[in-house]
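Peer 1: Handing over protein-v6.cif, mmCIF, C-alpha atoms.
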data_target
#
loop_
_atom_site.label_atom_id
_atom_site.label_comp_id
_atom_site.auth_asym_id
_atom_site.auth_seq_id
_atom_site.Cartn_x
_atom_site.Cartn_y
_atom_site.Cartn_z
CA MET A 1 52.98 127.79 38.01
CA PRO A 2 56.32 126.04 38.47
CA ARG A 3 56.13 122.94 40.58
CA VAL A 4 58.66 121.19 42.73
CA TYR A 5 58.61 117.46 42.41
CA VAL A 6 59.41 115.91 45.74
CA LYS A 7 60.47 112.32 45.96
CA PRO A 8 61.25 111.62 49.62
CA TYR A 9 64.66 110.23 50.42
CA SER A 10 65.85 110.12 46.85
CA GLU A 11 69.59 109.96 46.53
CA PHE A 12 71.65 113.08 47.15
CA ARG A 13 74.96 112.08 45.63
CA PRO A 14 77.03 114.93 44.19
CA ASP A 15 80.17 113.49 42.64
CA GLU A 16 82.47 116.50 42.99
CA TYR A 17 83.26 119.24 45.48
CA ILE A 18 84.97 122.13 43.75
CA ARG A 19 86.77 124.92 45.60
CA ALA A 20 86.42 128.00 43.44
CA LYS A 21 89.22 130.55 43.67
CA SER A 22 87.52 133.59 42.17
CA LYS A 23 84.06 134.96 41.42
CA GLU A 24 84.73 134.51 37.70
CA GLU A 25 85.49 130.84 38.25
CA VAL A 26 82.20 130.38 40.13
CA VAL A 27 80.28 131.93 37.26
CA SER A 28 82.04 129.83 34.63
CA LEU A 29 81.44 126.63 36.65
CA LEU A 30 77.77 127.52 37.05
CA LYS A 31 77.52 128.20 33.33
CA GLN A 32 79.20 124.89 32.51
CA TYR A 33 77.08 122.70 34.83
CA GLY A 34 73.78 124.65 34.99
CA GLU A 35 71.13 122.97 37.14
CA ALA A 36 73.53 120.22 38.15
CA ALA A 37 75.64 122.66 40.17
CA ARG A 38 74.88 124.30 43.46
CA VAL A 39 76.85 126.97 45.27
CA VAL A 40 77.59 125.89 48.82
CA GLY A 41 78.58 127.70 52.00
CA ALA A 42 78.51 125.45 55.06
CA GLY A 43 76.02 123.22 53.26
CA ILE A 44 73.32 123.36 55.94
CA THR A 45 70.30 123.87 53.73
CA ILE A 46 71.84 121.81 50.95
CA HIS A 47 72.34 118.90 53.32
CA GLU A 48 68.85 119.12 54.76
CA MET A 49 67.18 119.51 51.37
CA GLY A 50 69.38 116.73 50.04
CA VAL A 51 68.35 114.37 52.85
CA LEU A 52 64.70 115.22 52.23
CA GLY A 53 65.08 114.41 48.54
CA PHE A 54 64.78 117.86 46.99
CA LEU A 55 68.11 117.86 45.15
CA PRO A 56 68.56 114.65 43.17
CA GLN A 57 69.82 116.65 40.17
CA VAL A 58 72.75 118.24 42.02
CA LYS A 59 76.08 116.68 40.99
CA LYS A 60 78.61 119.46 41.61
CA LEU A 61 79.01 121.47 44.78
CA ILE A 62 80.86 124.75 44.34
CA ASP A 63 82.54 126.06 47.48
CA VAL A 64 82.78 129.87 47.37
CA ARG A 65 84.63 130.41 50.65
CA ALA A 66 87.92 131.37 49.01
CA VAL A 67 86.23 134.02 46.88
CA GLY A 68 86.41 136.68 49.60
CA LEU A 69 82.78 137.34 50.42
CA ASP A 70 83.06 137.27 54.21
CA TYR A 71 82.63 140.87 55.38
CA VAL A 72 80.26 143.46 56.82
CA ALA A 73 81.13 146.96 55.60
CA VAL A 74 79.39 150.28 56.21
CA THR A 75 80.09 152.53 53.24
CA GLY A 76 78.40 155.73 52.10
CA LYS A 77 74.75 154.88 51.65
CA TRP A 78 74.88 151.16 52.32
CA ILE A 79 75.62 148.41 54.79
CA LYS A 80 77.21 145.77 52.58
CA VAL A 81 77.28 142.17 53.73
CA GLY A 82 79.21 139.55 51.77
CA GLY A 83 77.31 136.39 50.87
CA SER A 84 79.64 134.06 52.83
CA THR A 85 79.23 136.00 56.08
CA THR A 86 77.76 133.77 58.76
CA VAL A 87 74.45 134.76 60.29
CA GLY A 88 76.16 134.90 63.69
CA ASN A 89 78.92 137.28 62.55
CA MET A 90 76.37 139.47 60.81
CA GLY A 91 74.22 139.71 63.94
CA ASP A 92 77.25 140.52 66.09
CA HIS A 93 78.28 143.52 63.99
CA GLU A 94 77.87 146.66 66.05
CA ILE A 95 75.64 148.47 63.56
CA PHE A 96 73.02 145.70 63.75
CA ARG A 97 73.56 145.18 67.47
CA ASN A 98 73.37 148.81 68.59
CA GLN A 99 71.32 150.83 66.12
CA PRO A 100 67.55 150.40 66.64
CA ILE A 101 66.81 150.95 62.94
CA TYR A 102 68.63 147.73 61.99
CA GLN A 103 68.30 145.76 65.23
CA THR A 104 65.90 143.23 63.74
CA VAL A 105 68.98 141.61 62.13
CA SER A 106 70.67 140.92 65.47
CA GLU A 107 67.44 139.75 67.06
CA ALA A 108 66.84 137.32 64.23
CA ALA A 109 70.44 136.08 64.35
CA ASP A 110 70.08 135.49 68.10
CA SER A 111 67.00 133.36 67.46
CA PHE A 112 69.13 130.80 65.58
CA PRO A 113 70.63 128.05 67.71
CA LEU A 114 74.31 128.90 68.28
CA GLN A 115 75.35 125.85 66.32
CA VAL A 116 73.54 127.06 63.21
CA ALA A 117 74.38 130.78 63.52
CA ASN A 118 78.09 129.88 63.62
CA ALA A 119 77.99 128.09 60.28
CA ALA A 120 74.97 129.22 58.25
CA THR A 121 75.74 131.91 55.67
CA ILE A 122 73.44 134.80 54.86
CA ALA A 123 73.48 133.85 51.16
CA GLY A 124 72.31 130.32 51.98
CA ASN A 125 69.51 131.66 54.13
CA ILE A 126 68.31 133.85 51.25
CA CYS A 127 68.93 131.64 48.22
CA SER A 128 67.45 128.44 49.60
CA ALA A 129 64.04 130.16 49.22
CA VAL A 130 62.66 128.10 52.07
CA PRO A 131 59.72 130.18 53.34
CA ILE A 132 60.31 129.32 57.00
CA VAL A 133 63.83 130.69 57.47
CA SER A 134 64.28 133.93 59.39
CA MET A 135 66.48 136.25 57.38
CA PRO A 136 64.46 137.02 54.21
CA PRO A 137 61.57 138.72 56.09
CA VAL A 138 64.12 140.62 58.17
CA LEU A 139 65.89 141.90 55.05
CA MET A 140 62.57 142.79 53.42
CA THR A 141 61.72 145.12 56.30
CA LEU A 142 65.05 146.89 55.82
CA ASP A 143 64.50 147.31 52.05
CA ALA A 144 67.58 145.22 51.38
CA GLN A 145 68.69 144.22 47.92
CA VAL A 146 70.96 141.47 46.69
CA VAL A 147 73.74 141.60 44.12
CA LEU A 148 73.65 138.65 41.73
CA LEU A 149 76.68 137.89 39.59
CA GLY A 150 76.19 135.85 36.44
CA SER A 151 77.70 135.32 33.02
CA SER A 152 75.94 138.45 31.70
CA GLY A 153 77.29 140.58 34.53
CA GLU A 154 75.96 141.90 37.78
CA ARG A 155 72.35 142.72 38.50
CA ILE A 156 70.53 143.90 41.56
CA LEU A 157 67.20 142.62 42.87
CA PRO A 158 65.30 143.74 45.98
CA VAL A 159 64.89 140.82 48.41
CA ASP A 160 61.20 141.66 48.31
CA SER A 161 60.92 140.57 44.67
CA LEU A 162 63.50 137.77 44.70
CA TYR A 163 61.12 134.89 45.28
CA GLU A 164 59.06 133.19 42.61
CA ASP A 165 57.50 130.32 44.52
CA TYR A 166 58.25 127.67 47.13
CA LEU A 167 62.00 126.90 46.90
CA ILE A 168 62.26 128.92 43.69
CA THR A 169 64.01 132.28 43.26
CA LYS A 170 64.27 134.53 40.22
CA MET A 171 68.00 133.78 40.03
CA LYS A 172 69.23 132.29 36.78
CA PRO A 173 71.09 128.97 36.97
CA ASP A 174 74.41 130.71 36.25
CA GLU A 175 73.98 133.38 38.90
CA PHE A 176 75.08 133.47 42.50
CA LEU A 177 74.60 135.90 45.34
CA THR A 178 77.70 137.95 46.10
CA GLU A 179 76.42 140.68 48.39
CA VAL A 180 73.46 141.88 50.42
CA GLN A 181 73.01 145.64 50.54
CA ILE A 182 70.98 147.38 53.21
CA PRO A 183 70.31 151.10 52.72
CA LEU A 184 71.40 153.38 55.58
CA ARG A 185 68.52 155.45 56.87
CA ASP A 186 68.14 158.48 59.10
CA GLY A 187 65.19 159.44 61.22
CA LYS A 188 63.34 158.21 64.21
CA GLY A 189 63.01 154.54 63.48
CA ALA A 190 63.31 151.10 65.01
CA SER A 191 62.89 147.50 63.96
CA VAL A 192 62.20 144.22 65.73
CA TYR A 193 62.08 140.49 65.04
CA VAL A 194 59.66 138.19 66.82
CA ALA A 195 58.96 134.50 66.29
CA GLU A 196 57.13 131.57 67.77
CA LYS A 197 58.93 128.25 67.84
CA THR A 198 58.06 124.74 68.96
CA VAL A 199 61.55 124.23 70.42
CA ALA A 200 64.53 126.59 70.30
CA ALA A 201 66.41 124.54 67.71
CA ASP A 202 63.48 124.36 65.31
CA TYR A 203 62.55 126.67 62.46
CA PRO A 204 60.02 129.29 63.55
CA THR A 205 56.36 128.24 63.35
CA VAL A 206 55.74 131.85 62.34
CA SER A 207 58.27 134.68 62.24
CA LEU A 208 57.67 138.38 61.81
CA SER A 209 59.92 141.38 61.34
CA ALA A 210 58.73 144.98 61.51
CA SER A 211 60.36 148.36 61.06
CA VAL A 212 58.65 151.67 61.79
CA PHE A 213 59.66 155.32 61.23
CA LEU A 214 57.82 158.13 62.98
CA ASP A 215 57.32 161.73 61.78
CA ASP A 216 57.78 164.75 64.05
CA GLY A 217 54.18 164.53 65.24
CA GLY A 218 54.71 160.97 66.50
CA LYS A 219 52.66 159.35 63.73
CA VAL A 220 53.87 156.50 61.55
CA LYS A 221 55.64 157.96 58.52
CA ASP A 222 56.82 154.71 57.02
CA CYS A 223 56.67 151.08 57.99
CA ARG A 224 57.47 147.58 56.78
CA ILE A 225 56.07 144.30 58.03
CA ALA A 226 57.27 140.99 56.61
CA MET A 227 56.72 137.41 57.63
CA GLY A 228 58.05 133.91 57.19
CA SER A 229 56.15 130.59 57.36
CA VAL A 230 52.85 132.09 56.24
CA GLY A 231 52.83 131.25 52.54
CA ARG A 232 54.84 129.71 49.76
CA THR A 233 57.57 132.34 50.14
CA ALA A 234 58.67 134.88 52.73
CA ARG A 235 56.61 138.00 52.07
CA ARG A 236 55.77 141.59 52.90
CA LEU A 237 52.31 142.40 54.29
CA PRO A 238 51.24 145.51 52.32
CA GLU A 239 47.70 145.62 53.72
CA ALA A 240 48.85 145.56 57.32
CA GLU A 241 51.44 148.23 56.51
CA LYS A 242 48.70 150.39 54.93
CA THR A 243 46.59 150.35 58.09
CA LEU A 244 49.59 151.53 60.07
CA ARG A 245 50.78 154.43 57.87
CA GLY A 246 49.72 157.77 59.32
CA ALA A 247 48.39 156.09 62.46
CA LYS A 248 49.52 156.65 66.02
CA MET A 249 51.53 153.95 67.72
CA GLU A 250 48.85 152.72 70.09
CA ALA A 251 47.05 149.50 70.95
CA GLN A 252 44.15 150.03 68.49
CA SER A 253 46.56 150.52 65.58
CA TYR A 254 48.39 147.31 66.47
CA ALA A 255 45.12 145.37 66.64
CA ARG A 256 44.01 146.78 63.28
CA ALA A 257 47.34 145.86 61.68
CA GLY A 258 47.10 142.38 63.23
CA GLU A 259 43.63 141.84 61.76
CA ALA A 260 44.77 143.00 58.31
CA ALA A 261 47.84 140.77 58.55
CA ALA A 262 45.83 137.69 59.49
CA LYS A 263 43.52 138.34 56.53
CA GLU A 264 46.11 138.80 53.82
CA ILE A 265 48.35 135.80 54.55
CA ASP A 266 47.79 132.39 53.03
CA PRO A 267 49.42 130.01 55.50
CA SER A 268 49.76 126.30 54.99
CA ALA A 269 49.26 123.62 57.60
CA ASP A 270 52.12 121.34 58.62
CA LEU A 271 53.32 119.42 61.63
CA ARG A 272 54.15 122.66 63.44
CA ALA A 273 50.77 124.36 63.16
CA SER A 274 47.40 124.42 61.39
CA HIS A 275 46.65 127.37 59.11
CA GLU A 276 44.10 128.67 61.62
CA TYR A 277 46.69 128.64 64.38
CA ARG A 278 49.15 130.44 62.10
CA ARG A 279 46.55 133.20 61.64
CA ILE A 280 46.13 133.47 65.40
CA LEU A 281 49.90 133.66 65.82
CA THR A 282 50.10 136.31 63.10
CA ARG A 283 47.59 138.53 64.93
CA TYR A 284 49.45 138.02 68.17
CA LEU A 285 52.96 138.53 66.76
CA THR A 286 51.96 141.68 64.85
CA LYS A 287 50.70 143.25 68.07
CA LYS A 288 53.71 142.06 70.04
CA ALA A 289 56.19 143.32 67.43
CA LEU A 290 54.58 146.74 67.11
CA GLY A 291 54.41 147.07 70.89
CA ARG A 292 58.13 146.38 71.11
CA VAL A 293 58.92 148.83 68.30
CA ALA A 294 56.95 151.48 70.22
CA GLU A 295 58.98 150.71 73.33
CA LYS A 296 62.22 151.15 71.40
CA LEU A 297 60.96 154.41 69.93
CA GLY A 298 60.10 155.67 73.39
CA VAL A 299 56.37 155.93 72.67
CA LYS A 300 54.61 155.57 76.01
CA MET B 1 85.02 111.00 44.29
CA ASN B 2 86.90 111.35 47.56
CA THR B 3 88.26 114.73 48.61
CA ASP B 4 91.26 115.13 50.88
CA LEU B 5 90.49 117.35 53.84
CA GLU B 6 93.21 118.73 56.03
CA MET B 7 92.04 119.51 59.52
CA THR B 8 93.20 119.57 63.10
CA VAL B 9 91.11 117.21 65.20
CA ASN B 10 91.63 117.35 68.97
CA GLY B 11 95.08 118.83 68.51
CA PHE B 12 96.30 116.41 65.84
CA LYS B 13 96.83 117.50 62.25
CA THR B 14 95.18 114.91 60.04
CA ILE B 15 94.14 114.34 56.48
CA LEU B 16 90.71 112.74 56.23
CA LYS B 17 89.03 111.52 53.09
CA ALA B 18 85.37 112.40 52.55
CA GLU B 19 82.75 112.06 49.84
CA PRO B 20 81.41 115.41 48.57
CA TYR B 21 77.97 114.76 50.08
CA GLU B 22 79.24 113.45 53.39
CA ASN B 23 78.52 115.50 56.51
CA LEU B 24 81.11 116.25 59.15
CA ARG B 25 79.48 113.99 61.73
CA ASP B 26 79.71 110.89 59.53
CA LEU B 27 83.33 111.68 58.72
CA LEU B 28 84.24 112.10 62.39
CA ARG B 29 82.38 108.97 63.46
CA LYS B 30 84.01 106.77 60.84
CA SER B 31 87.37 108.24 61.85
CA GLY B 32 86.80 106.97 65.37
CA TYR B 33 85.38 110.01 67.13
CA THR B 34 82.21 108.26 68.25
CA SER B 35 81.32 110.79 70.95
CA VAL B 36 79.77 112.69 68.07
CA LYS B 37 76.25 111.26 68.20
CA LYS B 38 73.75 110.78 65.41
CA GLY B 39 70.45 112.06 66.77
CA CYS B 40 67.99 113.79 64.47
CA ASP B 41 70.15 114.21 61.34
CA VAL B 42 68.73 117.67 60.50
CA GLY B 43 70.05 120.12 63.09
CA GLY B 44 67.33 119.75 65.66
CA CYS B 45 68.82 117.96 68.67
CA GLY B 46 72.43 119.08 69.13
CA ALA B 47 73.80 115.62 69.99
CA CYS B 48 76.36 116.00 67.18
CA THR B 49 77.73 119.35 68.38
CA VAL B 50 81.49 119.84 67.95
CA LEU B 51 83.66 122.94 68.22
CA ALA B 52 84.93 124.24 64.88
CA ASN B 53 87.49 127.03 65.30
CA ASP B 54 86.29 127.32 68.91
CA LYS B 55 82.63 127.78 68.02
CA PRO B 56 79.92 125.14 68.41
CA VAL B 57 78.33 123.82 65.20
CA TYR B 58 75.97 120.97 64.36
CA SER B 59 78.34 118.52 62.67
CA CYS B 60 75.36 116.68 61.15
CA CYS B 61 74.33 119.51 58.91
CA VAL B 62 77.57 121.01 57.73
CA LEU B 63 79.39 119.25 54.92
CA ALA B 64 82.63 117.54 55.85
CA ALA B 65 84.39 119.68 53.27
CA TRP B 66 83.33 122.78 55.19
CA ALA B 67 85.71 121.74 57.97
CA ASP B 68 88.69 121.75 55.60
CA GLY B 69 91.45 123.80 57.23
CA LYS B 70 89.53 124.19 60.47
CA THR B 71 90.37 123.15 64.02
CA ILE B 72 87.83 120.65 65.31
CA VAL B 73 87.42 119.63 68.93
CA THR B 74 85.20 116.73 69.95
CA LEU B 75 84.46 115.43 73.43
CA GLU B 76 87.46 113.10 73.14
CA GLY B 77 89.74 116.13 72.99
CA LEU B 78 88.72 117.71 76.30
CA ALA B 79 90.48 115.54 78.89
CA LYS B 80 94.19 116.35 79.13
CA ASP B 81 96.75 113.84 80.50
CA GLY B 82 94.06 111.68 82.04
CA LYS B 83 92.50 114.67 83.80
CA LEU B 84 88.93 115.60 83.00
CA ASP B 85 88.08 119.08 81.82
CA PRO B 86 86.36 121.15 84.57
CA ILE B 87 83.10 121.09 82.64
CA GLN B 88 83.19 117.29 82.44
CA ARG B 89 83.85 117.14 86.17
CA THR B 90 80.93 119.41 87.08
CA PHE B 91 78.61 117.43 84.79
CA MET B 92 79.59 114.37 86.88
CA GLU B 93 79.35 116.12 90.23
CA LYS B 94 75.94 117.64 89.51
CA GLY B 95 74.54 114.46 88.00
CA ALA B 96 73.81 116.25 84.73
CA ALA B 97 73.44 113.05 82.71
CA GLN B 98 70.98 110.21 82.73
CA CYS B 99 71.07 108.13 79.57
CA GLY B 100 74.02 110.20 78.38
CA PHE B 101 73.24 110.32 74.68
CA CYS B 102 72.91 114.11 74.53
CA THR B 103 75.77 114.71 76.97
CA PRO B 104 78.70 115.05 74.52
CA GLY B 105 76.78 117.74 72.62
CA PHE B 106 75.82 119.54 75.79
CA ILE B 107 79.39 119.46 77.10
CA MET B 108 80.75 120.95 73.88
CA VAL B 109 78.32 123.88 73.96
CA SER B 110 78.91 124.29 77.70
CA LYS B 111 82.66 124.39 77.11
CA TYR B 112 82.11 127.26 74.66
CA VAL B 113 79.87 129.10 77.12
CA VAL B 114 82.30 128.69 80.02
CA GLU B 115 85.24 129.91 77.93
CA HIS B 116 83.66 132.69 75.92
CA LYS B 117 80.81 133.94 78.10
CA PRO B 118 82.17 133.67 81.63
CA ASN B 119 79.74 136.33 82.87
CA ALA B 120 76.63 134.74 81.38
CA THR B 121 73.58 134.70 83.64
CA GLU B 122 71.52 131.57 84.11
CA ALA B 123 69.01 132.86 81.55
CA GLU B 124 71.82 133.39 79.03
CA VAL B 125 73.19 129.91 79.71
CA ARG B 126 69.74 128.46 79.07
CA LYS B 127 69.51 130.45 75.83
CA ALA B 128 72.94 129.24 74.72
CA LEU B 129 71.95 125.62 75.43
CA GLY B 130 68.71 126.13 73.46
CA GLY B 131 70.03 124.26 70.45
CA ASN B 132 70.40 121.00 72.39
CA LEU B 133 67.68 118.61 73.46
CA CYS B 134 67.74 116.33 76.50
CA ARG B 135 64.82 114.01 77.05
CA CYS B 136 65.85 112.78 80.52
CA THR B 137 67.12 115.43 82.88
CA GLY B 138 64.75 118.34 82.51
CA TYR B 139 67.82 120.58 82.02
CA VAL B 140 68.01 121.77 85.64
CA LYS B 141 71.09 119.70 86.50
CA ILE B 142 72.75 120.59 83.22
CA VAL B 143 72.34 124.31 83.84
CA GLU B 144 73.62 123.80 87.40
CA ALA B 145 76.69 122.04 86.04
CA VAL B 146 77.46 124.88 83.62
CA MET B 147 76.99 127.52 86.32
CA ALA B 148 79.26 125.55 88.66
CA ALA B 149 81.96 125.21 86.00
CA LYS B 150 81.74 128.93 85.33
CA GLU B 151 82.22 129.72 89.01
CA GLN B 152 85.16 127.35 89.33
CA GLY B 153 86.69 128.79 86.20
CA LEU B 154 86.57 132.28 87.66
CA LYS B 155 88.55 131.26 90.72
#
Using structure tokens, write down the structure that the file contains.

Peer 2:
Amino acid sequence: MPRVYVKPYSEFRPDEYIRAKSKEEVVSLLKQYGEAARVVGAGITIHEMGVLGFLPQVKKLIDVRAVGLDYVAVTGKWIKVGGSTTVGNMGDHEIFRNQPIYQTVSEAADSFPLQVANAATIAGNICSAVPIVSMPPVLMTLDAQVVLLGSSGERILPVDSLYEDYLITKMKPDEFLTEVQIPLRDGKGASVYVAEKTVAADYPTVSLSASVFLDDGGKVKDCRIAMGSVGRTARRLPEAEKTLRGAKMEAQSYARAGEAAAKEIDPSADLRASHEYRRILTRYLTKKALGRVAEKLGVK
Amino acid sequence: MNTDLEMTVNGFKTILKAEPYENLRDLLRKSGYTSVKKGCDVGGCGACTVLANDKPVYSCCVLAAWADGKTIVTLEGLAKDGKLDPIQRTFMEKGAAQCGFCTPGFIMVSKYVVEHKPNATEAEVRKALGGNLCRCTGYVKIVEAVMAAKEQGLK
């Protein structure tokens, strides 16, 4: 298993800040510098991880702002979000704001402090692979995928299978995230984001995103539940989802899903919560999230 | 290696030199804008809040280079011709400061709220101020100050 060696407060001293002018230039710079280079948006995660001593190897910062990846576009089968789009702008887009199927995105974006949402990019939120950030679980519940551009061309990975371990993604050193793609879906569906925080500016102690689709008989046709802060990476909860499929949206189903969720996670303890408390929160948030989805779907 | 950054700070076009790893707060502080406070260093307290292109950001956790080409406003840029900004005045009138360390950050977010969300309810104001911590006032006076500034702004 790959390990991350953490030396607290080791020097974070990149010697160059490079403004790339095209995607091709980003790829060639990444190929040239390898592990010593890091793509940077606003630099929020990079700065924090740098201060905490996670990035002593990083010597070149590659700014991708001029590459033209700041957009939200609804085209054909997909909602396409450029990697440099800020979390705030993404959440304010009308499709995420107004359509219940994708609303978890806006709700998660609103949970960020204003000062972070205005600067943090969606690519940074995904690629930092920090298990406590909000967007990866949200994107997992929407079956999103990411487009990675590298020296051997483009490839596509579902967000669900992007993470290898704590702070480690399956991206190659010469790859960077250009676009997030969320499939457009029809049907009677809704999604929500819920989280518990110590204070509003903090990362969530536990965050959970859920999306549910009902069939004509009012039973659950399809559902996704994903969480942050309950393991070494953001993750889906397949067992909890299984208990919900085919079930009615009612209190017993929520409780069953909550129990399954609390069983299948492997939370760690830190200064925000013990693992036992994270299990309690998981049970509670699962019920709360599913209750709110039911409300949105008009289930009484 | 220093990078030249061209930005507009409080209405003045300037070129500031920053190291690649330097954050915006350190750059502003060493350039004389000391209203930008160093609190927690990792985006948890809001004392370093400045407006970048009219939107509040934590200047401690964005890189200085991120602000290249942007318009930055710090607390120093609010008063015009010796006259305080309405939000500064209501903070004074309502007694919304005790030790004052968090106040510049609070005023910058409040300025954004007053200008861009003039119809915000008290709950929405509280939500918008969620990214800032104050260990003295208990927030009541601060919220009162923002509501008062909003009302005066509507007149």

Peer 1: Which neighbours of range 72-83 of chain B fall inside 9 Å, counting all atoms listed in the file, when residues of the same chain fewer than 2 positions from it are skipped, and could you give them as a short mmCIF file (atom, residue, chain, number, x, y, z; two decimals) with C-alpha atoms, keeping the file's coordinate frame?

Peer 2:
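The new file part25.cif reads:
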data_model
loop_
_atom_site.label_atom_id
_atom_site.label_comp_id
_atom_site.auth_asym_id
_atom_site.auth_seq_id
_atom_site.Cartn_x
_atom_site.Cartn_y
_atom_site.Cartn_z
CA MET B 7 92.04 119.51 59.52
CA THR B 8 93.20 119.57 63.10
CA VAL B 9 91.11 117.21 65.20
CA ASN B 10 91.63 117.35 68.97
CA GLY B 11 95.08 118.83 68.51
CA LEU B 28 84.24 112.10 62.39
CA TYR B 33 85.38 110.01 67.13
CA THR B 34 82.21 108.26 68.25
CA SER B 35 81.32 110.79 70.95
CA VAL B 36 79.77 112.69 68.07
CA THR B 49 77.73 119.35 68.38
CA VAL B 50 81.49 119.84 67.95
CA LEU B 51 83.66 122.94 68.22
CA ALA B 52 84.93 124.24 64.88
CA ASN B 53 87.49 127.03 65.30
CA ASP B 54 86.29 127.32 68.91
CA ALA B 67 85.71 121.74 57.97
CA LYS B 70 89.53 124.19 60.47
CA ASP B 85 88.08 119.08 81.82
CA PRO B 86 86.36 121.15 84.57
CA GLN B 88 83.19 117.29 82.44
CA PRO B 104 78.70 115.05 74.52
CA GLY B 105 76.78 117.74 72.62
CA ILE B 107 79.39 119.46 77.10
CA MET B 108 80.75 120.95 73.88
#

Peer 1: Give as a VMD selection string every residue of chain A that touches chain B within 10 Å, counting all atoms listed in the file.

Peer 2: chain A and resid 12 to 19 40 to 52 59 to 61 63 65 110 to 120 199 to 203

Peer 1: For the selection you just gave me, I'd like the residues written to a file as a PDB file, in the frame of the given file, keeping C-alpha atoms.

Peer 2:
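New file out_22.pdb:
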ATOM      1  CA  PHE A  12      71.650 113.080  47.150  1.00  0.00           C
ATOM      2  CA  ARG A  13      74.960 112.080  45.630  1.00  0.00           C
ATOM      3  CA  PRO A  14      77.030 114.930  44.190  1.00  0.00           C
ATOM      4  CA  ASP A  15      80.170 113.490  42.640  1.00  0.00           C
ATOM      5  CA  GLU A  16      82.470 116.500  42.990  1.00  0.00           C
ATOM      6  CA  TYR A  17      83.260 119.240  45.480  1.00  0.00           C
ATOM      7  CA  ILE A  18      84.970 122.130  43.750  1.00  0.00           C
ATOM      8  CA  ARG A  19      86.770 124.920  45.600  1.00  0.00           C
ATOM      9  CA  VAL A  40      77.590 125.890  48.820  1.00  0.00           C
ATOM     10  CA  GLY A  41      78.580 127.700  52.000  1.00  0.00           C
ATOM     11  CA  ALA A  42      78.510 125.450  55.060  1.00  0.00           C
ATOM     12  CA  GLY A  43      76.020 123.220  53.260  1.00  0.00           C
ATOM     13  CA  ILE A  44      73.320 123.360  55.940  1.00  0.00           C
ATOM     14  CA  THR A  45      70.300 123.870  53.730  1.00  0.00           C
ATOM     15  CA  ILE A  46      71.840 121.810  50.950  1.00  0.00           C
ATOM     16  CA  HIS A  47      72.340 118.900  53.320  1.00  0.00           C
ATOM     17  CA  GLU A  48      68.850 119.120  54.760  1.00  0.00           C
ATOM     18  CA  MET A  49      67.180 119.510  51.370  1.00  0.00           C
ATOM     19  CA  GLY A  50      69.380 116.730  50.040  1.00  0.00           C
ATOM     20  CA  VAL A  51      68.350 114.370  52.850  1.00  0.00           C
ATOM     21  CA  LEU A  52      64.700 115.220  52.230  1.00  0.00           C
ATOM     22  CA  LYS A  59      76.080 116.680  40.990  1.00  0.00           C
ATOM     23  CA  LYS A  60      78.610 119.460  41.610  1.00  0.00           C
ATOM     24  CA  LEU A  61      79.010 121.470  44.780  1.00  0.00           C
ATOM     25  CA  ASP A  63      82.540 126.060  47.480  1.00  0.00           C
ATOM     26  CA  ARG A  65      84.630 130.410  50.650  1.00  0.00           C
ATOM     27  CA  ASP A 110      70.080 135.490  68.100  1.00  0.00           C
ATOM     28  CA  SER A 111      67.000 133.360  67.460  1.00  0.00           C
ATOM     29  CA  PHE A 112      69.130 130.800  65.580  1.00  0.00           C
ATOM     30  CA  PRO A 113      70.630 128.050  67.710  1.00  0.00           C
ATOM     31  CA  LEU A 114      74.310 128.900  68.280  1.00  0.00           C
ATOM     32  CA  GLN A 115      75.350 125.850  66.320  1.00  0.00           C
ATOM     33  CA  VAL A 116      73.540 127.060  63.210  1.00  0.00           C
ATOM     34  CA  ALA A 117      74.380 130.780  63.520  1.00  0.00           C
ATOM     35  CA  ASN A 118      78.090 129.880  63.620  1.00  0.00           C
ATOM     36  CA  ALA A 119      77.990 128.090  60.280  1.00  0.00           C
ATOM     37  CA  ALA A 120      74.970 129.220  58.250  1.00  0.00           C
ATOM     38  CA  VAL A 199      61.550 124.230  70.420  1.00  0.00           C
ATOM     39  CA  ALA A 200      64.530 126.590  70.300  1.00  0.00           C
ATOM     40  CA  ALA A 201      66.410 124.540  67.710  1.00  0.00           C
ATOM     41  CA  ASP A 202      63.480 124.360  65.310  1.00  0.00           C
ATOM     42  CA  TYR A 203      62.550 126.670  62.460  1.00  0.00           C
TER      43      TYR A 203
END

Peer 1: Given the choices A:Val220, A:Val192, A:Leu149, A:Ile168, which gets closest to Val130 in chain A if the distance is worked out from only C-alpha atoms?

Peer 2: A:Ile168

Peer 1: I'd like to see the residues matched by the PyMOL selection byres ((chain B and resi 91) around 10) on this file, and ideally I'd get them as a list of chain:residue names.

Peer 2: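 After applying the PyMOL selection byres ((chain B and resi 91) around 10), what remains is B:Pro86, B:Ile87, B:Gln88, B:Arg89, B:Thr90, B:Met92, B:Glu93, B:Lys94, B:Gly95, B:Ala96, B:Ala97, B:Thr103, B:Phe106, B:Ile107, B:Ser110, B:Lys141, B:Ile142, B:Val143, B:Glu144, B:Ala145, B:Val146, B:Ala148, B:Ala149.
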
Peer 1: Tell me, as an mmCIF file with C-alpha atoms, in the coordinates of the input, which residues lie within 12 Å of Gly76 in chain A, counting all atoms listed in the file; anything in the same chain fewer than 2 positions away does not count.

Peer 2:
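Written file, result32.cif:
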data_model
loop_
_atom_site.group_PDB
_atom_site.id
_atom_site.type_symbol
_atom_site.label_atom_id
_atom_site.label_comp_id
_atom_site.auth_asym_id
_atom_site.auth_seq_id
_atom_site.Cartn_x
_atom_site.Cartn_y
_atom_site.Cartn_z
ATOM 1 C CA ALA A 73 81.130 146.960 55.600
ATOM 2 C CA VAL A 74 79.390 150.280 56.210
ATOM 3 C CA TRP A 78 74.880 151.160 52.320
ATOM 4 C CA ILE A 79 75.620 148.410 54.790
ATOM 5 C CA LYS A 80 77.210 145.770 52.580
ATOM 6 C CA GLN A 181 73.010 145.640 50.540
ATOM 7 C CA ILE A 182 70.980 147.380 53.210
ATOM 8 C CA PRO A 183 70.310 151.100 52.720
ATOM 9 C CA LEU A 184 71.400 153.380 55.580
ATOM 10 C CA ARG A 185 68.520 155.450 56.870
#
